[in-house]
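Have a look at the structure below before the remarks.
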Amino acid sequence: MERQNDDGEDLPLPPPVVPSNVAPIKIEKEIPKKKRIPIARIGFAKKGQPINLLTNHFRVSVSNVDKDFYHYSVNLKYEDDRPAEGKGIGRKVIDKMQQTYDTELGGRRLAYDGEKTLFTIGELPQKKSEFVVILDDLHSKRPTTNGSPGGNDSPGDGERKRVKRSYNAKTIKVELSYAARIPMQSIGLAIKGQENENTQEALRVLDIILRQHASRQGCLLVRQSFFHDKPSNFVDLGGGVIGCRGTHSSFRPAQNGLSLNIDMSTTMIVRPGPVVDFLIANQNCSDPFHIDWTKAKRMLKNLRVKVGNQEYKIVGLSDLPCNQQMFTLKQRGDLADIPLEITVYEYFVKHRGIQLSFSAGLPCINVGKPKRPTYFPIELCNLVSLQRYTKSLTVIQRSSLVEKSRQKPQERMKSLSDALKCSNYDSDQLLKDCGITINSSFTQVDGRVLQAPKLKVGNGEDFFPRNGRWNFNNKKLMTPVHIERWAVVNFSARCDMNSLLRDLSKCGNMKGIRVDDPFDVFDENPSMRRATATSRVDAMFEQVQSRLPGEPKFLLCLLPERKNSDIYGPWKRKCLSDFGIVTQCIAPTRVNDQYLTNVLLKINAKLGGLNSQLQVENTPLIPVISKAPTIILGMDVSHGSPGRADVPSIAAVVSSRQWPLISKYRASVRTQSSKVEMMDSLFKPANGKEDNGIIRELLIDFYMSSGKRKPEQIIIFRDGVSESQFNQVLNIELDQIIEACKFLDDQWSPKFTLIIAQKNHHTKFFQTGNCPDNVPPGTVVDKAVCHPKNYDFYMCSHAGMIGTTRPTHYHVLLDENHFSADDLQELVHSLSYVYQRSTTAISVVAPICYAHLAAAQVGQFVKFEDRSETSSSQGGFTAPGAAAVPELPRLHDNVSSSMFFC
């Protein structure tokens, strides 16, 4: 196999660093390794301009640390020992049990998670006990007459009685078994940085108390977020979907003590009200008679509806319209022995005296059981509020949600203060029993603002970005390319092609990019516009191959849709995998200098150029990195849409190249089992002779592009993992990387720095003094709200122009390269300025952004819905009995080391 250097010349692969006859290390013969744990903080950084900030952490005081939580396992069963399952059943059962058996429970208050776990403060009288609970109705909030055909009257009374029961009552057995004792003292130890095995469980109990408190207020619970049924919290996203604003609340141990982290949260719910109105909006049709009932059945399944005052769960739709769907009506009196066959429509109109306007020809809602359906005319059914909408949002809905969820800093602070007051935690008796009081004021923290790094552009010009931004007005790119041997393909986009090409060439020349005239412009044949995306791409390539004198180096592709074009994936696959041609897709609507500059920045980076770089990159002045060959890795795993278990996850790793540069990267991407966060393709030995993993190809690329030097230092930025997965990254993924290094050379022992970057958290920072602006770019916080022991810090490297800035939370798990706190924060800050796609500092280090882009783009190569029988599982682990994980097509050698993802 041959590779190319940066001038396009063919080069052989480097000689093996280890002789080919050296067998890989057999792990089973090694002495078991000591499990790594995250390192403790080495100290605090000092660089930067001090700034006073507020944060959405509210101080918590705990006075009863000498008490203990007792953990009990909960098992709910019906009389016939079937498990009692279903949404909300557990909470109703436990509440009824506490009302009924208060004395037998020793008067203890219960903290219940809604599933299998219950906690008390102080021990219950018995370590194992069983209670019988009678619920009058599992679906209804208040039992009333059931008016469905074949239904039963269920007068409800005696809520507090043990024996008196209605016709519809359910008997449920509750088994409680002692599991563990958790000292509240462990919370105090956590605040001192002395966490033990009970700490997370004790904090979990406090979070469960918050969830239970919100549940009793009638909130929708989504993990640690709570949503009230208030119209002021609703925003219409179209399609029958409502964006519902709520509150996230969780307890966090920090350097200044325990705090309650409160933030605004948003989820999607189904629009409450008439079922028909929801379906018309969801399917964007004009009236009930144009509804697609097959789609409607899938959409409505398991949603809850209200008929009168009674609640039911939808199990399906009737097979026949309301005026044809028959059922057997039991008659009364002298006719009791003669069953009457009647339609649902006739029953409600004649026997119940209910006027139906449009239900006659429409399916009925079925709320019964598979063998005993219970039907209601659809116009009598109203969707209950606060029901989650779990389907994928459209592009328009998603952009609407983002836009309507934004809040400026001062607006968000007011919402947070109001949310804390509305939650009324002071009234919760369990929190009082714990001795917990919550301060209503935002916590004050000391931050620092780091100076932006100096950048270098063309003609040796240096400059400082201002407010996290810069531009290329009257500036040349650092290393501009020559766009030659190229062509344009137009998939039916409406565009003034002559003006576009003229302006692109003019703008390129101003930036130092020499743009030749394209060979040709290929317009799609109108007859292909209704063909499949793959057929359209194949037809376009036939045109290109038949009319060009040779293979192009670059193709500019015009798409008709701005986002989510179905042509994008097949086109990228054809160019990058099959032919090795660099391509840039655009969907021009408003073409101006800024738009063309952004396009040219991407093209220049993809073709091997460099738009800008840090001024210190070609000097020996970068702390730690300059002293020895250093490779920087960015790692990310992207998953399919929620609920799509058939779509594999995509693991991507990007690596720096051409040391001492830290602005140029390449990527390697693999598939793996759906929803699996840990990467399993970093090291993939095959037959003991070859490693097909991601890391090997990246290390070889670094070796070839960096003067045939092996990296002595490896800095890893890992995205997308929660704190519960830190130890897996530190011990499983890092071990794979170490084994990949040893497979190349068993004498080679590079030193590692491993950093987790989290964007999915709820900490925000605000300027003091009612300042309306976001915190300035470069703001860093490593005190007060950070972990009391572990090495972490928050950084807002970007300028938040819209909404409230979300900082990135960096966790340093390992640092064998011995960065000082200042040097590490400076490096992280600088890596937010080397992103070649834009002229702004970004919110997280560029290697992680690139990994995310690479995973997203290569993931478009495969249409996972159409799996072939030849799908291979080489791209990821396949569990026994699971479907094989399709392997991604590999990038062509011509583009494999390029920044194709830029």
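By order of appearance in the structure tokens: chains A, B, ..., then residues from 1 within every chain, and ligands from 1 in the order shown.
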
*Can you pull out every residue within 12 Å of Gly460 of chain A, counting only C-alpha atoms, but drop anything in the same chain fewer than 4 positions away, and send it as a VMD selection string?*
chain A and resid 455 to 456 475 to 479 612 to 615 618

Write the residues of the selection above to a file with C-alpha atoms, as an mmCIF file, in the first residue's frame.
```cif
data_model
loop_
_atom_site.group_PDB
_atom_site.id
_atom_site.type_symbol
_atom_site.label_atom_id
_atom_site.label_comp_id
_atom_site.auth_asym_id
_atom_site.auth_seq_id
_atom_site.Cartn_x
_atom_site.Cartn_y
_atom_site.Cartn_z
ATOM 1 C CA LEU A 455 -2.859 34.139 15.673
ATOM 2 C CA LYS A 456 -0.789 34.069 12.497
ATOM 3 C CA LYS A 475 -5.894 39.398 5.067
ATOM 4 C CA LYS A 476 -4.499 36.370 3.271
ATOM 5 C CA LEU A 477 -4.901 32.814 4.516
ATOM 6 C CA MET A 478 -1.885 31.258 6.230
ATOM 7 C CA THR A 479 -1.328 28.576 3.566
ATOM 8 C CA SER A 612 -4.721 30.470 10.403
ATOM 9 C CA GLN A 613 -2.649 29.034 13.217
ATOM 10 C CA LEU A 614 -1.385 29.928 16.650
ATOM 11 C CA GLN A 615 1.597 32.266 16.528
ATOM 12 C CA ASN A 618 6.317 26.996 14.864
#
```

Counting only C-alpha atoms, which residues of segment 561-672 of chain A sit at most 12 Å from some atom of segment 757-768 of chain A, and what is each one's closest atom pair with its distance in Å to one decimal, listed by chain and rising residue number, as JSON lines?
```
{"residue": "A:Gly634", "atom": "CA", "partner": "A:Ala757", "partner_atom": "CA", "distance": 10.0}
{"residue": "A:Met635", "atom": "CA", "partner": "A:Ala757", "partner_atom": "CA", "distance": 10.0}
{"residue": "A:Asp636", "atom": "CA", "partner": "A:Ala757", "partner_atom": "CA", "distance": 10.1}
```

*From a DSSP pass on the backbone, collect the residues of segment 469-663 of chain A flagged as strand (DSSP E or B) and hand them back as a PyMOL selection string.*
chain A and resi 469+479+482-483+486-490+514-515+521-523+554-558+582-586+610+613-614+630-638+649-656

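Minimum atom-to-atom distance to Pro480 of chain A, evaluated using only C-alpha atoms, belongs to A:Val515 out of A:Leu430, A:Leu176, A:Val515, A:Ile342.
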
*So which residues touch Arg466 of chain A within 9 Å, counting only C-alpha atoms, skipping near sequence neighbours fewer than 3 positions away, as a ChimeraX atom specification?*
/A:452,469-470

Just C-alpha atoms for this one: save the residues we selected as a compact mmCIF listing (two decimals), in the first residue's frame.
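Final output, part12.txt:
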```txt
# COMPACT_ATOMS: atom_id res chain seq x y z
CA ALA A 452 -6.79 35.32 23.61
CA ARG A 469 -13.69 36.79 17.01
CA TRP A 470 -11.63 37.83 14.01
```

*asked:* Show me, as a VMD selection string, the residues that have an atom within 9 Å of Ala856 of chain A when counting only C-alpha atoms, minus same-chain residues fewer than 6 positions from it.
replied: chain A and resid 638 650 901

Hey, can you spit out that residue selection with C-alpha atoms as a short mmCIF file (atom, residue, chain, number, x, y, z; two decimals), in the first residue's frame?
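The result, stored in part_2.cif:
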```
data_model
loop_
_atom_site.label_atom_id
_atom_site.label_comp_id
_atom_site.auth_asym_id
_atom_site.auth_seq_id
_atom_site.Cartn_x
_atom_site.Cartn_y
_atom_site.Cartn_z
CA SER A 638 -22.39 9.71 18.04
CA ILE A 650 -20.34 5.91 15.09
CA PHE A 901 -14.73 16.65 7.63
#
```

*Suppose you want the space between atom CA of Asn323 of chain A and atom CA of Gln283 of chain A; what is it in Å?*
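Computed distance, atom CA of Asn323 of chain A to atom CA of Gln283 of chain A, equals 24.0 Å.
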
*asked:* So that I can see what lies close to segment 658-671 of chain A, please list as a PyMOL selection string the residues with an atom at most 8 Å from it, counting only C-alpha atoms and leaving out residues fewer than 5 positions away in the same chain.
replied: chain A and resi 610+613-614+617-618+625-626+629-632+648-653+681+694+697-698+702+705-707+831+834-836+847+851+854-855+858+875-876+885-888+896-899

*Skipping near chain neighbours, those fewer than 2 positions away, what residues fall within 12 Å of Ser441 of chain A using only C-alpha atoms, listed as a ChimeraX atom specification?*
/A:54-60,259-262,413-414,416-418,420-421,438-439,443-444

Write the residues you've just listed into a file as a PDB file, in the first residue's frame, and include C-alpha atoms for each of them.
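Result file follows (result39.pdb):
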```
ATOM      1  CA  LEU A  54     -22.560  34.332  39.986  1.00  0.00           C
ATOM      2  CA  THR A  55     -23.529  30.738  39.310  1.00  0.00           C
ATOM      3  CA  ASN A  56     -26.772  28.752  39.422  1.00  0.00           C
ATOM      4  CA  HIS A  57     -25.598  26.699  42.402  1.00  0.00           C
ATOM      5  CA  PHE A  58     -27.507  27.406  45.625  1.00  0.00           C
ATOM      6  CA  ARG A  59     -25.740  26.686  48.923  1.00  0.00           C
ATOM      7  CA  VAL A  60     -27.145  23.794  50.954  1.00  0.00           C
ATOM      8  CA  SER A 259     -25.040  22.928  46.555  1.00  0.00           C
ATOM      9  CA  LEU A 260     -28.299  22.539  44.699  1.00  0.00           C
ATOM     10  CA  ASN A 261     -27.740  23.039  40.972  1.00  0.00           C
ATOM     11  CA  ILE A 262     -30.908  24.449  39.357  1.00  0.00           C
ATOM     12  CA  MET A 413     -31.488  34.271  36.270  1.00  0.00           C
ATOM     13  CA  LYS A 414     -35.036  35.488  36.907  1.00  0.00           C
ATOM     14  CA  LEU A 416     -34.135  30.265  37.992  1.00  0.00           C
ATOM     15  CA  SER A 417     -35.059  32.374  41.019  1.00  0.00           C
ATOM     16  CA  ASP A 418     -38.762  31.914  40.235  1.00  0.00           C
ATOM     17  CA  LEU A 420     -36.617  27.843  43.208  1.00  0.00           C
ATOM     18  CA  LYS A 421     -39.500  29.720  44.846  1.00  0.00           C
ATOM     19  CA  ILE A 438     -31.403  25.682  50.722  1.00  0.00           C
ATOM     20  CA  ASN A 439     -30.135  29.252  50.315  1.00  0.00           C
ATOM     21  CA  THR A 443     -23.464  31.481  44.733  1.00  0.00           C
ATOM     22  CA  GLN A 444     -20.655  33.970  44.130  1.00  0.00           C
TER      23      GLN A 444
END
```

*asked:* Restricting the calculation to only C-alpha atoms: of A:Leu814, A:Ala84, A:Ile848, A:Val721, which residue gets closest to Arg36 of chain A?
replied: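 Answer, going by the shortest atom-to-atom distance: A:Leu814.
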
Sorted by chain and rising residue number, which residues of segment 555-634 of chain A lie within 9 Å of segment 497-509 of chain A, and what are their closest atom pairs and distances in Å to one decimal, counting only C-alpha atoms, as a Markdown table?
```
| residue | atom | partner | partner_atom | distance |
| --- | --- | --- | --- | --- |
| A:Pro588 | CA | A:Leu500 | CA | 8.8 |
| A:Val591 | CA | A:Leu500 | CA | 7.7 |
| A:Asn592 | CA | A:Asp503 | CA | 8.5 |
| A:Asp593 | CA | A:Cys507 | CA | 7.0 |
| A:Leu596 | CA | A:Leu504 | CA | 6.2 |
| A:Thr597 | CA | A:Cys507 | CA | 6.9 |
| A:Val599 | CA | A:Leu504 | CA | 8.9 |
| A:Leu600 | CA | A:Gly508 | CA | 6.8 |
```

Store the residues of this selection in a file with N, CA and C atoms, as a compact mmCIF listing (two decimals), in the first residue's frame.
```
# COMPACT_ATOMS: atom_id res chain seq x y z
N PRO A 588 -26.77 27.38 -1.85
CA PRO A 588 -26.72 28.84 -1.80
C PRO A 588 -28.11 29.47 -1.82
N VAL A 591 -26.07 34.69 -1.03
CA VAL A 591 -24.63 34.63 -1.28
C VAL A 591 -24.03 36.02 -1.11
N ASN A 592 -23.17 36.15 -0.10
CA ASN A 592 -22.44 37.40 0.10
C ASN A 592 -20.99 37.07 0.44
N ASP A 593 -20.19 38.10 0.71
CA ASP A 593 -18.77 37.88 0.96
C ASP A 593 -18.54 36.96 2.16
N LEU A 596 -19.27 33.33 1.15
CA LEU A 596 -18.22 32.78 0.29
C LEU A 596 -16.92 32.57 1.06
N THR A 597 -16.61 33.47 1.98
CA THR A 597 -15.41 33.30 2.81
C THR A 597 -15.50 32.02 3.62
N VAL A 599 -17.22 29.33 2.94
CA VAL A 599 -17.08 28.19 2.02
C VAL A 599 -15.60 27.98 1.67
N LEU A 600 -14.91 29.07 1.40
CA LEU A 600 -13.49 28.96 1.01
C LEU A 600 -12.62 28.48 2.16
```

*asked:* Neighbouring residues of segment 198-211 of chain A were defined as those with any atom within 9 Å, considering only C-alpha atoms; residues of the same chain fewer than 4 positions away were excluded. Please report them as number ranges by chain.
replied: A: 69, 110-113, 118-119, 181-190, 215-216, 221, 223-226, 249-253, 425, 428, 430-431, 434

*Between atom CA of Ser265 of chain A and atom CA of Gly447 of chain A, distance in Å (one decimal)*: 25.1 Å

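If you measure from each of A:Asn490, A:Gln212, A:Ser577, A:Gln99 to Arg536 of chain A using only C-alpha atoms, the closest one turns out to be A:Asn490.
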
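Remark: for Leu258 of chain A, the closest of the candidate residues A:Leu827, A:Ala179, A:Val62, A:Ile314 is A:Val62 (distances computed over only C-alpha atoms).
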
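The spacing separating atom CA of Gln543 of chain A from atom CA of Asn598 of chain A amounts to 28.5 Å.
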